[in-house]
$ cat work26.tsv   # TSV, C-alpha atoms
chain	number	residue	atom	x	y	z
A	1333	MET	CA	58.68	189.58	94.09
A	1334	LYS	CA	61.51	188.14	96.14
A	1335	SER	CA	61.87	184.37	96.05
A	1336	SER	CA	61.83	182.62	99.41
A	1337	SER	CA	64.53	180.12	100.17
A	1338	THR	CA	62.07	177.24	100.21
A	1339	GLN	CA	61.08	177.97	96.62
A	1340	VAL	CA	64.51	178.60	95.14
A	1341	ARG	CA	66.96	175.84	95.96
A	1342	GLY	CA	69.85	176.74	93.65
A	1343	PRO	CA	73.07	176.09	95.59
A	1344	TYR	CA	74.33	179.64	95.21
A	1345	ARG	CA	71.07	181.32	96.20
A	1346	ASN	CA	70.50	179.49	99.39
A	1347	GLY	CA	73.08	180.88	101.78
A	1348	THR	CA	72.49	178.29	104.49
A	1349	ARG	CA	72.90	175.46	102.05
A	1350	THR	CA	76.11	176.86	100.60
A	1351	ARG	CA	77.46	177.47	104.09
A	1352	GLY	CA	76.81	173.84	104.97
A	1353	GLN	CA	78.48	172.66	101.78
A	1354	ILE	CA	81.53	174.82	102.41
A	1355	LEU	CA	81.82	173.46	105.96
A	1356	GLN	CA	81.58	169.91	104.67
A	1357	ALA	CA	84.27	170.51	102.03
A	1358	ALA	CA	86.48	172.29	104.59
A	1359	ARG	CA	86.17	169.33	106.97
A	1360	LYS	CA	87.36	167.01	104.23
A	1361	VAL	CA	90.24	169.20	103.01
A	1362	PHE	CA	91.47	170.11	106.52
A	1363	GLY	CA	91.11	166.45	107.59
A	1364	GLU	CA	93.20	165.19	104.70
A	1365	ARG	CA	95.77	167.95	104.31
A	1366	GLY	CA	95.67	169.74	107.66
A	1367	TYR	CA	94.76	173.38	108.19
A	1368	VAL	CA	98.14	174.71	107.11
A	1369	GLY	CA	98.27	172.45	104.04
A	1370	GLY	CA	94.62	172.80	103.00
A	1371	SER	CA	93.80	175.87	100.90
A	1372	VAL	CA	90.72	178.08	100.65
A	1373	ARG	CA	91.00	177.69	96.87
A	1374	GLN	CA	90.67	173.88	97.11
A	1375	ILE	CA	87.69	174.13	99.44
A	1376	ALA	CA	85.95	176.75	97.28
A	1377	SER	CA	86.58	174.73	94.15
A	1378	ALA	CA	85.11	171.56	95.74
A	1379	VAL	CA	81.85	173.46	96.37
A	1380	GLY	CA	81.90	175.33	93.07
A	1381	VAL	CA	82.11	178.84	94.54
A	1382	SER	CA	84.85	181.42	94.22
A	1383	PRO	CA	87.37	181.89	97.06
A	1384	ALA	CA	86.02	185.44	97.45
A	1385	SER	CA	82.48	184.14	97.88
A	1386	LEU	CA	83.70	181.60	100.45
A	1387	LEU	CA	85.43	184.35	102.42
A	1388	GLN	CA	82.21	186.38	102.37
A	1389	HIS	CA	80.67	183.61	104.48
A	1390	PHE	CA	83.52	183.08	106.93
A	1391	GLY	CA	85.69	186.22	106.86
A	1392	SER	CA	89.01	184.35	106.66
A	1393	LYS	CA	90.58	180.90	106.47
A	1394	GLU	CA	90.88	181.03	110.24
A	1395	GLY	CA	87.19	181.94	110.55
A	1396	LEU	CA	86.35	178.93	108.40
A	1397	LEU	CA	88.47	176.67	110.64
A	1398	MET	CA	86.70	177.98	113.73
A	1399	ALA	CA	83.29	177.31	112.15
A	1400	VAL	CA	84.38	173.76	111.27
A	1401	LEU	CA	85.60	173.15	114.85
A	1402	GLU	CA	82.45	174.58	116.40
A	1403	GLN	CA	80.26	172.40	114.21
A	1404	TRP	CA	82.39	169.38	114.99
A	1405	ASP	CA	82.31	170.04	118.72
A	1406	GLU	CA	78.57	170.64	118.74
A	1407	GLY	CA	77.94	167.36	116.90
A	1408	HIS	CA	80.29	165.55	119.25
A	1409	ARG	CA	78.52	166.83	122.39
A	1410	GLU	CA	75.16	165.98	120.90
A	1411	ARG	CA	76.21	162.40	120.14
A	1412	LEU	CA	77.73	162.09	123.59
A	1413	ARG	CA	74.47	163.29	125.13
A	1414	ALA	CA	72.47	160.88	122.97
A	1415	ALA	CA	74.81	157.97	123.76
A	1416	GLY	CA	75.14	158.64	127.46
A	1417	SER	CA	71.93	160.43	128.30
A	1418	GLY	CA	71.37	159.74	131.97
A	1419	ALA	CA	74.41	157.46	131.97
A	1420	ASP	CA	76.41	158.57	134.96
A	1421	GLY	CA	79.31	156.86	136.63
A	1422	LEU	CA	80.33	153.48	135.24
A	1423	ALA	CA	77.40	153.41	132.79
A	1424	HIS	CA	78.95	156.44	131.07
A	1425	PHE	CA	82.00	154.41	130.04
A	1426	HIS	CA	79.80	151.70	128.56
A	1427	ALA	CA	77.79	154.37	126.75
A	1428	LEU	CA	80.97	155.70	125.11
A	1429	ARG	CA	80.89	152.56	122.97
A	1430	ALA	CA	78.13	154.04	120.83
A	1431	LEU	CA	80.41	156.99	120.13
A	1432	MET	CA	83.19	154.75	118.85
A	1433	THR	CA	80.72	152.93	116.59
A	1434	TYR	CA	79.66	156.32	115.21
A	1435	HIS	CA	83.30	157.23	114.60
A	1436	VAL	CA	83.92	154.09	112.57
A	1437	GLU	CA	80.99	155.06	110.36
A	1438	HIS	CA	82.24	158.64	109.96
A	1439	ARG	CA	85.92	158.40	109.14
A	1440	GLY	CA	86.06	162.05	108.04
A	1441	PHE	CA	85.27	163.31	111.54
A	1442	VAL	CA	88.00	161.19	113.09
A	1443	GLU	CA	90.50	162.22	110.43
A	1444	LEU	CA	89.72	165.89	110.99
A	1445	PHE	CA	90.06	165.62	114.73
A	1446	VAL	CA	93.29	163.58	114.71
A	1447	THR	CA	94.96	165.76	112.06
A	1448	LEU	CA	93.97	169.07	113.66
A	1449	SER	CA	94.85	167.99	117.21
A	1450	ALA	CA	98.36	167.04	116.10
A	1451	GLU	CA	98.84	170.20	114.07
A	1452	ALA	CA	97.33	172.41	116.80
A	1453	ALA	CA	99.86	171.13	119.35
A	1454	HIS	CA	101.99	174.00	118.08
A	1455	LYS	CA	100.98	177.00	120.19
A	1456	ASP	CA	100.80	179.47	117.27
A	1457	HIS	CA	98.16	177.35	115.51
A	1458	PRO	CA	94.74	179.05	115.39
A	1459	ALA	CA	93.06	175.91	116.81
A	1460	HIS	CA	95.54	175.57	119.71
A	1461	ASP	CA	93.31	177.13	122.40
A	1462	PHE	CA	90.26	175.26	121.15
A	1463	VAL	CA	92.02	171.88	121.25
A	1464	ARG	CA	93.67	172.54	124.61
A	1465	ALA	CA	90.38	173.63	126.19
A	1466	ARG	CA	88.61	170.62	124.69
A	1467	TYR	CA	91.10	168.16	126.21
A	1468	ALA	CA	90.85	169.85	129.60
A	1469	ARG	CA	87.05	169.57	129.43
A	1470	VAL	CA	87.02	165.91	128.41
A	1471	VAL	CA	89.56	165.02	131.13
A	1472	ALA	CA	87.33	166.79	133.69
A	1473	GLU	CA	84.21	164.98	132.41
A	1474	LEU	CA	85.71	161.50	132.58
A	1475	SER	CA	87.28	162.24	135.99
A	1476	HIS	CA	83.81	163.24	137.19
A	1477	HIS	CA	82.28	159.96	136.01
A	1478	ILE	CA	85.07	158.00	137.76
A	1479	THR	CA	84.27	159.93	140.95
A	1480	VAL	CA	80.56	159.12	140.63
A	1481	ALA	CA	81.44	155.44	140.08
A	1482	VAL	CA	83.61	155.46	143.24
A	1483	GLN	CA	80.91	157.19	145.30
A	1484	ARG	CA	78.30	154.66	144.22
A	1485	GLY	CA	80.63	151.77	144.99
A	1486	GLU	CA	80.57	150.66	141.34
A	1487	ILE	CA	84.35	150.51	141.44
A	1488	ALA	CA	86.95	150.30	144.22
A	1489	PRO	CA	88.05	153.46	146.05
A	1490	MET	CA	90.59	155.49	144.05
A	1491	PRO	CA	92.77	158.41	145.24
A	1492	LEU	CA	91.62	161.77	143.87
A	1493	GLU	CA	94.81	162.55	141.91
A	1494	ARG	CA	94.73	159.08	140.36
A	1495	ARG	CA	91.34	159.78	138.71
A	1496	GLU	CA	92.73	162.43	136.38
A	1497	THR	CA	95.56	160.13	135.30
A	1498	GLU	CA	93.03	157.35	134.58
A	1499	ALA	CA	90.87	159.76	132.58
A	1500	ARG	CA	93.87	160.99	130.60
A	1501	ALA	CA	95.11	157.46	129.93
A	1502	MET	CA	91.67	156.41	128.68
A	1503	ILE	CA	91.37	159.41	126.35
A	1504	ALA	CA	94.92	158.76	125.13
A	1505	MET	CA	94.00	155.16	124.36
A	1506	PHE	CA	90.90	156.22	122.41
A	1507	ASP	CA	92.88	158.76	120.36
A	1508	GLY	CA	95.72	156.35	119.73
A	1509	LEU	CA	93.43	153.48	118.70
A	1510	GLU	CA	91.60	155.81	116.31
A	1511	LEU	CA	94.92	156.83	114.77
A	1512	GLN	CA	95.86	153.16	114.28
A	1513	TRP	CA	92.50	152.53	112.65
A	1514	LEU	CA	92.91	155.53	110.32
A	1515	ILE	CA	96.30	154.18	109.26
A	1516	ASP	CA	95.09	150.58	108.91
A	1517	PRO	CA	91.31	150.39	108.32
A	1518	THR	CA	91.40	146.57	108.56
A	1519	PHE	CA	92.03	146.98	112.32
A	1520	ASP	CA	88.78	146.32	114.22
A	1521	LEU	CA	88.52	149.52	116.26
A	1522	VAL	CA	85.22	148.78	118.00
A	1523	ALA	CA	86.35	145.30	119.10
A	1524	ALA	CA	89.67	146.67	120.41
A	1525	TYR	CA	87.84	149.46	122.18
A	1526	ASP	CA	85.41	147.02	123.84
A	1527	ALA	CA	88.23	144.76	124.99
A	1528	CYS	CA	90.18	147.69	126.45
A	1529	ILE	CA	87.20	149.21	128.25
A	1530	GLU	CA	86.43	145.81	129.78
A	1531	GLU	CA	90.00	145.43	131.07
A	1532	ILE	CA	90.06	148.95	132.49
A	1533	ILE	CA	86.75	148.52	134.32
A	1534	TRP	CA	87.88	145.14	135.65
A	1535	ARG	CA	90.98	146.84	137.03
A	1536	TRP	CA	88.99	149.72	138.57
A	1537	ARG	CA	86.76	147.16	140.29
A	1538	THR	CA	89.55	144.89	141.48
A	1539	ARG	CA	92.61	146.99	142.30
A	1540	LEU	CA	92.71	148.51	145.75
B	781	MET	CA	145.68	172.79	96.52
B	782	LYS	CA	142.25	171.45	97.43
B	783	SER	CA	141.04	172.27	100.91
B	784	SER	CA	140.05	169.28	103.02
B	785	SER	CA	136.70	169.38	104.81
B	786	THR	CA	138.46	169.45	108.19
B	787	GLN	CA	140.18	172.69	107.24
B	788	VAL	CA	137.30	174.46	105.55
B	789	ARG	CA	134.13	174.37	107.63
B	790	GLY	CA	132.00	176.80	105.64
B	791	PRO	CA	128.42	175.50	105.77
B	792	TYR	CA	128.06	175.40	101.97
B	793	ARG	CA	131.32	173.57	101.29
B	794	ASN	CA	130.79	170.66	103.61
B	795	GLY	CA	128.06	168.60	101.94
B	796	THR	CA	127.47	166.30	104.91
B	797	ARG	CA	127.09	169.21	107.24
B	798	THR	CA	124.60	170.98	104.99
B	799	ARG	CA	122.66	167.74	104.56
B	800	GLY	CA	122.40	167.39	108.31
B	801	GLN	CA	121.30	171.00	108.68
B	802	ILE	CA	118.64	170.58	106.01
B	803	LEU	CA	117.31	167.44	107.71
B	804	GLN	CA	117.15	169.27	111.02
B	805	ALA	CA	115.28	172.21	109.50
B	806	ALA	CA	112.93	169.84	107.65
B	807	ARG	CA	112.14	167.99	110.90
B	808	LYS	CA	111.17	171.27	112.50
B	809	VAL	CA	109.10	172.61	109.60
B	810	PHE	CA	107.31	169.29	108.91
B	811	GLY	CA	106.75	168.82	112.65
B	812	GLU	CA	105.15	172.24	113.04
B	813	ARG	CA	103.29	172.59	109.74
B	814	GLY	CA	102.99	169.03	108.48
B	815	TYR	CA	104.42	167.73	105.23
B	816	VAL	CA	101.66	169.18	103.05
B	817	GLY	CA	101.80	172.55	104.81
B	818	GLY	CA	105.58	172.80	105.13
B	819	SER	CA	107.40	174.15	102.07
B	820	VAL	CA	110.83	173.44	100.58
B	821	ARG	CA	111.33	177.20	100.39
B	822	GLN	CA	110.89	177.59	104.18
B	823	ILE	CA	113.26	174.73	104.92
B	824	ALA	CA	115.89	176.03	102.47
B	825	SER	CA	115.60	179.54	103.87
B	826	ALA	CA	116.06	178.27	107.47
B	827	VAL	CA	119.40	176.71	106.45
B	828	GLY	CA	120.43	179.60	104.20
B	829	VAL	CA	120.57	177.59	100.95
B	830	SER	CA	118.49	177.98	97.80
B	831	PRO	CA	115.54	175.62	97.18
B	832	ALA	CA	117.43	174.37	94.08
B	833	SER	CA	120.48	173.52	96.19
B	834	LEU	CA	118.27	171.71	98.71
B	835	LEU	CA	116.69	169.64	95.94
B	836	GLN	CA	120.18	168.74	94.68
B	837	HIS	CA	120.67	166.90	97.97
B	838	PHE	CA	117.29	165.16	98.15
B	839	GLY	CA	115.84	165.09	94.65
B	840	SER	CA	112.35	166.23	95.68
B	841	LYS	CA	110.23	167.31	98.65
B	842	GLU	CA	109.15	163.69	98.96
B	843	GLY	CA	112.78	162.55	98.92
B	844	LEU	CA	113.47	164.98	101.74
B	845	LEU	CA	110.53	163.62	103.74
B	846	MET	CA	111.79	160.06	103.28
B	847	ALA	CA	115.29	161.07	104.46
B	848	VAL	CA	113.75	162.74	107.54
B	849	LEU	CA	111.70	159.62	108.31
B	850	GLU	CA	114.64	157.26	107.83
B	851	GLN	CA	116.81	159.36	110.13
B	852	TRP	CA	114.03	159.52	112.70
B	853	ASP	CA	113.40	155.79	112.56
B	854	GLU	CA	117.10	154.97	112.80
B	855	GLY	CA	117.49	157.20	115.86
B	856	HIS	CA	114.37	155.68	117.39
B	857	ARG	CA	115.62	152.09	116.96
B	858	GLU	CA	119.01	153.05	118.33
B	859	ARG	CA	117.49	154.62	121.45
B	860	LEU	CA	115.22	151.61	121.88
B	861	ARG	CA	118.23	149.30	121.63
B	862	ALA	CA	120.16	151.44	124.11
B	863	ALA	CA	117.21	151.61	126.51
B	864	GLY	CA	116.20	147.98	126.27
B	865	SER	CA	119.42	146.25	125.33
B	866	GLY	CA	119.02	142.72	126.58
B	867	ALA	CA	115.72	143.68	128.16
B	868	ASP	CA	113.35	140.96	127.03
B	869	GLY	CA	109.88	140.18	128.29
B	870	LEU	CA	108.58	142.32	131.13
B	871	ALA	CA	111.92	144.16	131.52
B	872	HIS	CA	111.37	145.58	128.04
B	873	PHE	CA	108.30	147.49	129.21
B	874	HIS	CA	110.22	148.98	132.12
B	875	ALA	CA	113.05	149.91	129.75
B	876	LEU	CA	110.60	151.84	127.55
B	877	ARG	CA	110.57	154.46	130.31
B	878	ALA	CA	113.96	155.74	129.21
B	879	LEU	CA	112.46	156.34	125.77
B	880	MET	CA	109.65	158.49	127.16
B	881	THR	CA	112.19	160.52	129.17
B	882	TYR	CA	114.13	161.07	125.94
B	883	HIS	CA	110.94	162.20	124.19
B	884	VAL	CA	110.22	164.82	126.84
B	885	GLU	CA	113.69	166.23	126.24
B	886	HIS	CA	113.25	166.24	122.45
B	887	ARG	CA	109.86	167.73	121.76
B	888	GLY	CA	110.66	168.20	118.06
B	889	PHE	CA	110.86	164.44	117.47
B	890	VAL	CA	107.51	163.84	119.13
B	891	GLU	CA	105.89	166.71	117.24
B	892	LEU	CA	107.23	165.38	113.94
B	893	PHE	CA	106.01	161.88	114.61
B	894	VAL	CA	102.55	162.86	115.87
B	895	THR	CA	101.93	165.35	113.05
B	896	LEU	CA	103.15	163.05	110.28
B	897	SER	CA	101.33	159.97	111.60
B	898	ALA	CA	98.04	161.86	111.60
B	899	GLU	CA	98.61	163.38	108.17
B	900	ALA	CA	99.87	160.08	106.73
B	901	ALA	CA	96.66	158.29	107.73
B	902	HIS	CA	95.43	159.41	104.32
B	903	LYS	CA	96.50	156.67	101.92
B	904	ASP	CA	97.79	159.03	99.19
B	905	HIS	CA	100.29	160.58	101.59
B	906	PRO	CA	103.93	159.77	100.68
B	907	ALA	CA	104.63	158.63	104.27
B	908	HIS	CA	101.56	156.37	104.44
B	909	ASP	CA	103.38	153.08	103.76
B	910	PHE	CA	106.22	154.03	106.08
B	911	VAL	CA	103.89	154.86	108.97
B	912	ARG	CA	101.69	151.81	108.42
B	913	ALA	CA	104.70	149.46	108.29
B	914	ARG	CA	106.18	151.10	111.37
B	915	TYR	CA	103.00	150.54	113.42
B	916	ALA	CA	102.80	146.91	112.27
B	917	ARG	CA	106.43	146.40	113.35
B	918	VAL	CA	106.00	148.03	116.76
B	919	VAL	CA	102.80	146.02	117.42
B	920	ALA	CA	104.69	142.82	116.53
B	921	GLU	CA	107.63	143.79	118.79
B	922	LEU	CA	105.52	144.52	121.86
B	923	SER	CA	103.40	141.38	121.26
B	924	HIS	CA	106.64	139.40	121.20
B	925	HIS	CA	107.75	140.82	124.55
B	926	ILE	CA	104.34	139.98	126.06
B	927	THR	CA	104.77	136.41	124.79
B	928	VAL	CA	108.24	136.17	126.35
B	929	ALA	CA	106.83	137.51	129.64
B	930	VAL	CA	104.05	134.85	129.54
B	931	GLN	CA	106.53	132.06	128.73
B	932	ARG	CA	108.79	133.05	131.62
B	933	GLY	CA	105.86	133.22	134.00
B	934	GLU	CA	106.50	136.94	134.62
B	935	ILE	CA	102.82	137.58	133.95
B	936	ALA	CA	99.68	135.43	133.94
B	937	PRO	CA	98.82	133.30	130.89
B	938	MET	CA	97.21	135.35	128.11
B	939	PRO	CA	95.42	134.11	124.96
B	940	LEU	CA	97.45	134.65	121.79
B	941	GLU	CA	94.98	137.01	120.08
B	942	ARG	CA	94.74	139.09	123.26
B	943	ARG	CA	98.46	139.94	123.11
B	944	GLU	CA	98.14	141.99	119.94
B	945	THR	CA	95.24	143.96	121.40
B	946	GLU	CA	97.28	144.66	124.55
B	947	ALA	CA	100.25	145.78	122.43
B	948	ARG	CA	98.03	148.05	120.33
B	949	ALA	CA	96.34	149.55	123.38
B	950	MET	CA	99.70	150.27	124.99
B	951	ILE	CA	101.06	151.96	121.85
B	952	ALA	CA	97.82	153.93	121.56
B	953	MET	CA	98.19	155.11	125.13
B	954	PHE	CA	101.79	156.23	124.52
B	955	ASP	CA	100.81	158.14	121.37
B	956	GLY	CA	97.77	159.72	123.00
B	957	LEU	CA	99.65	160.78	126.14
B	958	GLU	CA	102.37	162.33	123.98
B	959	LEU	CA	99.71	164.26	122.07
B	960	GLN	CA	98.23	165.56	125.35
B	961	TRP	CA	101.69	166.63	126.47
B	962	LEU	CA	102.36	168.42	123.18
B	963	ILE	CA	99.09	170.30	123.61
B	964	ASP	CA	99.67	171.04	127.30
B	965	PRO	CA	103.37	170.95	128.24
B	966	THR	CA	102.52	171.37	131.95
B	967	PHE	CA	101.17	167.80	131.90
B	968	ASP	CA	103.75	165.47	133.49
B	969	LEU	CA	104.15	162.89	130.72
B	970	VAL	CA	106.78	160.72	132.39
B	971	ALA	CA	104.81	160.45	135.65
B	972	ALA	CA	101.61	159.56	133.76
B	973	TYR	CA	103.50	157.03	131.69
B	974	ASP	CA	105.01	155.40	134.80
B	975	ALA	CA	101.64	155.20	136.53
B	976	CYS	CA	99.98	153.65	133.45
B	977	ILE	CA	102.74	151.09	132.87
B	978	GLU	CA	102.52	150.06	136.52
B	979	GLU	CA	98.72	149.57	136.27
B	980	ILE	CA	99.01	147.56	133.06
B	981	ILE	CA	101.71	145.27	134.42
B	982	TRP	CA	99.72	144.76	137.61
B	983	ARG	CA	96.75	143.72	135.47
B	984	TRP	CA	98.86	141.37	133.32
B	985	ARG	CA	100.14	139.72	136.50
B	986	THR	CA	96.79	139.47	138.24
B	987	ARG	CA	94.08	138.89	135.66
B	988	LEU	CA	93.50	135.27	134.60
$ encode --input "work26.tsv" --output "structure tokens"
Amino acid sequence: MKSSSTQVRGPYRNGTRTRGQILQAARKVFGERGYVGGSVRQIASAVGVSPASLLQHFGSKEGLLMAVLEQWDEGHRERLRAAGSGADGLAHFHALRALMTYHVEHRGFVELFVTLSAEAAHKDHPAHDFVRARYARVVAELSHHITVAVQRGEIAPMPLERRETEARAMIAMFDGLELQWLIDPTFDLVAAYDACIEEIIWRWRTRL
Amino acid sequence: MKSSSTQVRGPYRNGTRTRGQILQAARKVFGERGYVGGSVRQIASAVGVSPASLLQHFGSKEGLLMAVLEQWDEGHRERLRAAGSGADGLAHFHALRALMTYHVEHRGFVELFVTLSAEAAHKDHPAHDFVRARYARVVAELSHHITVAVQRGEIAPMPLERRETEARAMIAMFDGLELQWLIDPTFDLVAAYDACIEEIIWRWRTRL
């Protein structure tokens, strides 16, 4: 009789569980050492499987990276939806606060994203297209919410081409503040974030 | 008769020249692959020396990293001095523009800094103390120039604790915009930078 996965919970029998553990270990190793510097051997050893067994799950180191990025991106969208569900226009920018609070509680996610984004700036990096597409999407999303805020009169009128620059500057500020917090964890990221968002919104409301 | 270094310019005879070439190759390899991912063998091979000969110059991979960082930091301070010489207070922020223009023309420097800062967020990284001290210094410098601008009445009064947050947010924005430009070189970094600086200074002048 074949055992079902609910009955047998040994870590090497339950494929889903092992897959999750490998992804978790890969997130940590890639976050700390980068994709180029992190090795399949280290990740496999952290989970207690052989490198060959790890590659059975993901095909290659690159396949593992892609799985890590997909999982990360999925979680990120989900949290964004949860934080900003129904929050259009200006309310969206206030809702982003919840995301930053989540980040502070999950340093590993931030470390992974910051390390991989920097490394993937090089166009031969396997995550280059992923990271580039992700930035383009986030810039478009924030630009959209600025447009909604303008249309509703929540902020002052703003030229179309200016909206993308504002979106890019805001994303840049988030990324940069997160980097500063990774480097110096005594820095109060959420407080800095709140103060900056407040100043930006004040400017959007006031500047004609 | 011993040949003088001005007569014999073979790359392996002139120690200073080789040292410079190794540093240049190390900047490129560390910038593209990170410190953990970049290898002494790759760097040595790019210059055409043996790994053993490279280590004679720098003692260890970590020693090489430190030499790269010191050279980078020295160049950065020099450019900052050249750009902002005598430019105190608000003029300092305008002078920073020259620095961003330099960065666009020297992608390798930006790539090195962004990649190493992200990687060095991890506290066991050999560049961690360097990067952390550098951020603390730059935050203190920009805060100082905000204070001078307040004292001269170039901008509106600003609470003391607010100045550090403004300095941090500005540095974050620079870092984040540079990352976006590394990822998508069609993005006009200098134009975005100019627009953002203008908005920030307008806010500093206007907001009470």
$ closest_atom_pairs --input "work26.tsv" --of "chain A" --to "chain B" --cutoff "6 Å" --atoms "all atoms listed in the file" --output "tab-separated table"
residue	atom	partner	partner_atom	distance
A:Val1368	CA	B:Gly817	CA	4.8
A:Gly1369	CA	B:Gly817	CA	3.6
A:Val1446	CA	B:Ala898	CA	5.9
A:Thr1447	CA	B:Ala898	CA	5.0
A:Ala1450	CA	B:Thr895	CA	5.0
A:Glu1451	CA	B:Thr895	CA	5.8
A:Ala1453	CA	B:Ile963	CA	4.4
A:Arg1464	CA	B:Ile963	CA	5.9
A:Ala1504	CA	B:Gly956	CA	3.7
A:Met1505	CA	B:Met953	CA	4.3
A:Asp1507	CA	B:Gly956	CA	5.6
A:Gly1508	CA	B:Ala952	CA	3.7
A:Leu1509	CA	B:Ala952	CA	5.3
A:Leu1514	CA	B:Ala901	CA	5.3
A:Ile1515	CA	B:Ala901	CA	4.4
$ closest_residue --input "work26.tsv" --among "A:Arg1537, A:Arg1413, A:Arg1495, A:His1438" --to "Thr1479 of chain A" --atoms "all atoms listed in the file"
A:Arg1495
$ closest_residue --input "work26.tsv" --among "A:Leu1412, A:Leu1492, A:Ala1399, A:Ala1499" --to "Ala1430 of chain A" --atoms "all atoms listed in the file"
A:Leu1412
$ closest_residue --input "work26.tsv" --among "A:Arg1411, A:Pro1458, A:Thr1348, A:Val1379" --to "Lys1393 of chain A" --atoms "only C-alpha atoms"
A:Pro1458
$ atom_distance --input "work26.tsv" --atom1 "atom CA of Ser1377 of chain A" --atom2 "atom CA of Gly1347 of chain A"
16.7 Å
$ build_atoms --input "work26.tsv" --residues "segment 926-931 of chain B" --atoms "all heavy atoms" --output "tab-separated table (two decimals), in the coordinates of the input"
chain	number	residue	atom	x	y	z
B	926	ILE	N	105.41	140.52	125.21
B	926	ILE	CA	104.34	139.98	126.06
B	926	ILE	C	104.44	138.45	126.08
B	926	ILE	O	104.36	137.82	127.13
B	926	ILE	CB	102.95	140.45	125.57
B	926	ILE	CG1	102.80	141.97	125.77
B	926	ILE	CG2	101.84	139.70	126.32
B	926	ILE	CD1	101.53	142.56	125.17
B	927	THR	N	104.65	137.86	124.90
B	927	THR	CA	104.77	136.41	124.79
B	927	THR	C	105.93	135.89	125.64
B	927	THR	O	105.80	134.90	126.37
B	927	THR	CB	104.96	136.01	123.31
B	927	THR	OG1	103.75	136.33	122.61
B	927	THR	CG2	105.23	134.52	123.16
B	928	VAL	N	107.08	136.57	125.54
B	928	VAL	CA	108.24	136.17	126.35
B	928	VAL	C	107.89	136.24	127.84
B	928	VAL	O	108.21	135.32	128.61
B	928	VAL	CB	109.47	137.04	126.01
B	928	VAL	CG1	110.62	136.78	126.98
B	928	VAL	CG2	109.92	136.82	124.57
B	929	ALA	N	107.20	137.33	128.23
B	929	ALA	CA	106.83	137.51	129.64
B	929	ALA	C	105.89	136.38	130.10
B	929	ALA	O	106.01	135.89	131.23
B	929	ALA	CB	106.18	138.88	129.84
B	930	VAL	N	104.97	135.96	129.22
B	930	VAL	CA	104.05	134.85	129.54
B	930	VAL	C	104.86	133.56	129.69
B	930	VAL	O	104.71	132.83	130.68
B	930	VAL	CB	102.97	134.69	128.45
B	930	VAL	CG1	102.21	133.37	128.62
B	930	VAL	CG2	101.99	135.86	128.47
B	931	GLN	N	105.75	133.30	128.73
B	931	GLN	CA	106.53	132.06	128.73
B	931	GLN	C	107.41	131.94	129.97
B	931	GLN	O	107.61	130.84	130.51
B	931	GLN	CB	107.39	131.97	127.47
B	931	GLN	CG	106.57	131.61	126.23
B	931	GLN	CD	107.34	131.83	124.93
B	931	GLN	OE1	108.40	132.46	124.94
B	931	GLN	NE2	106.81	131.33	123.83
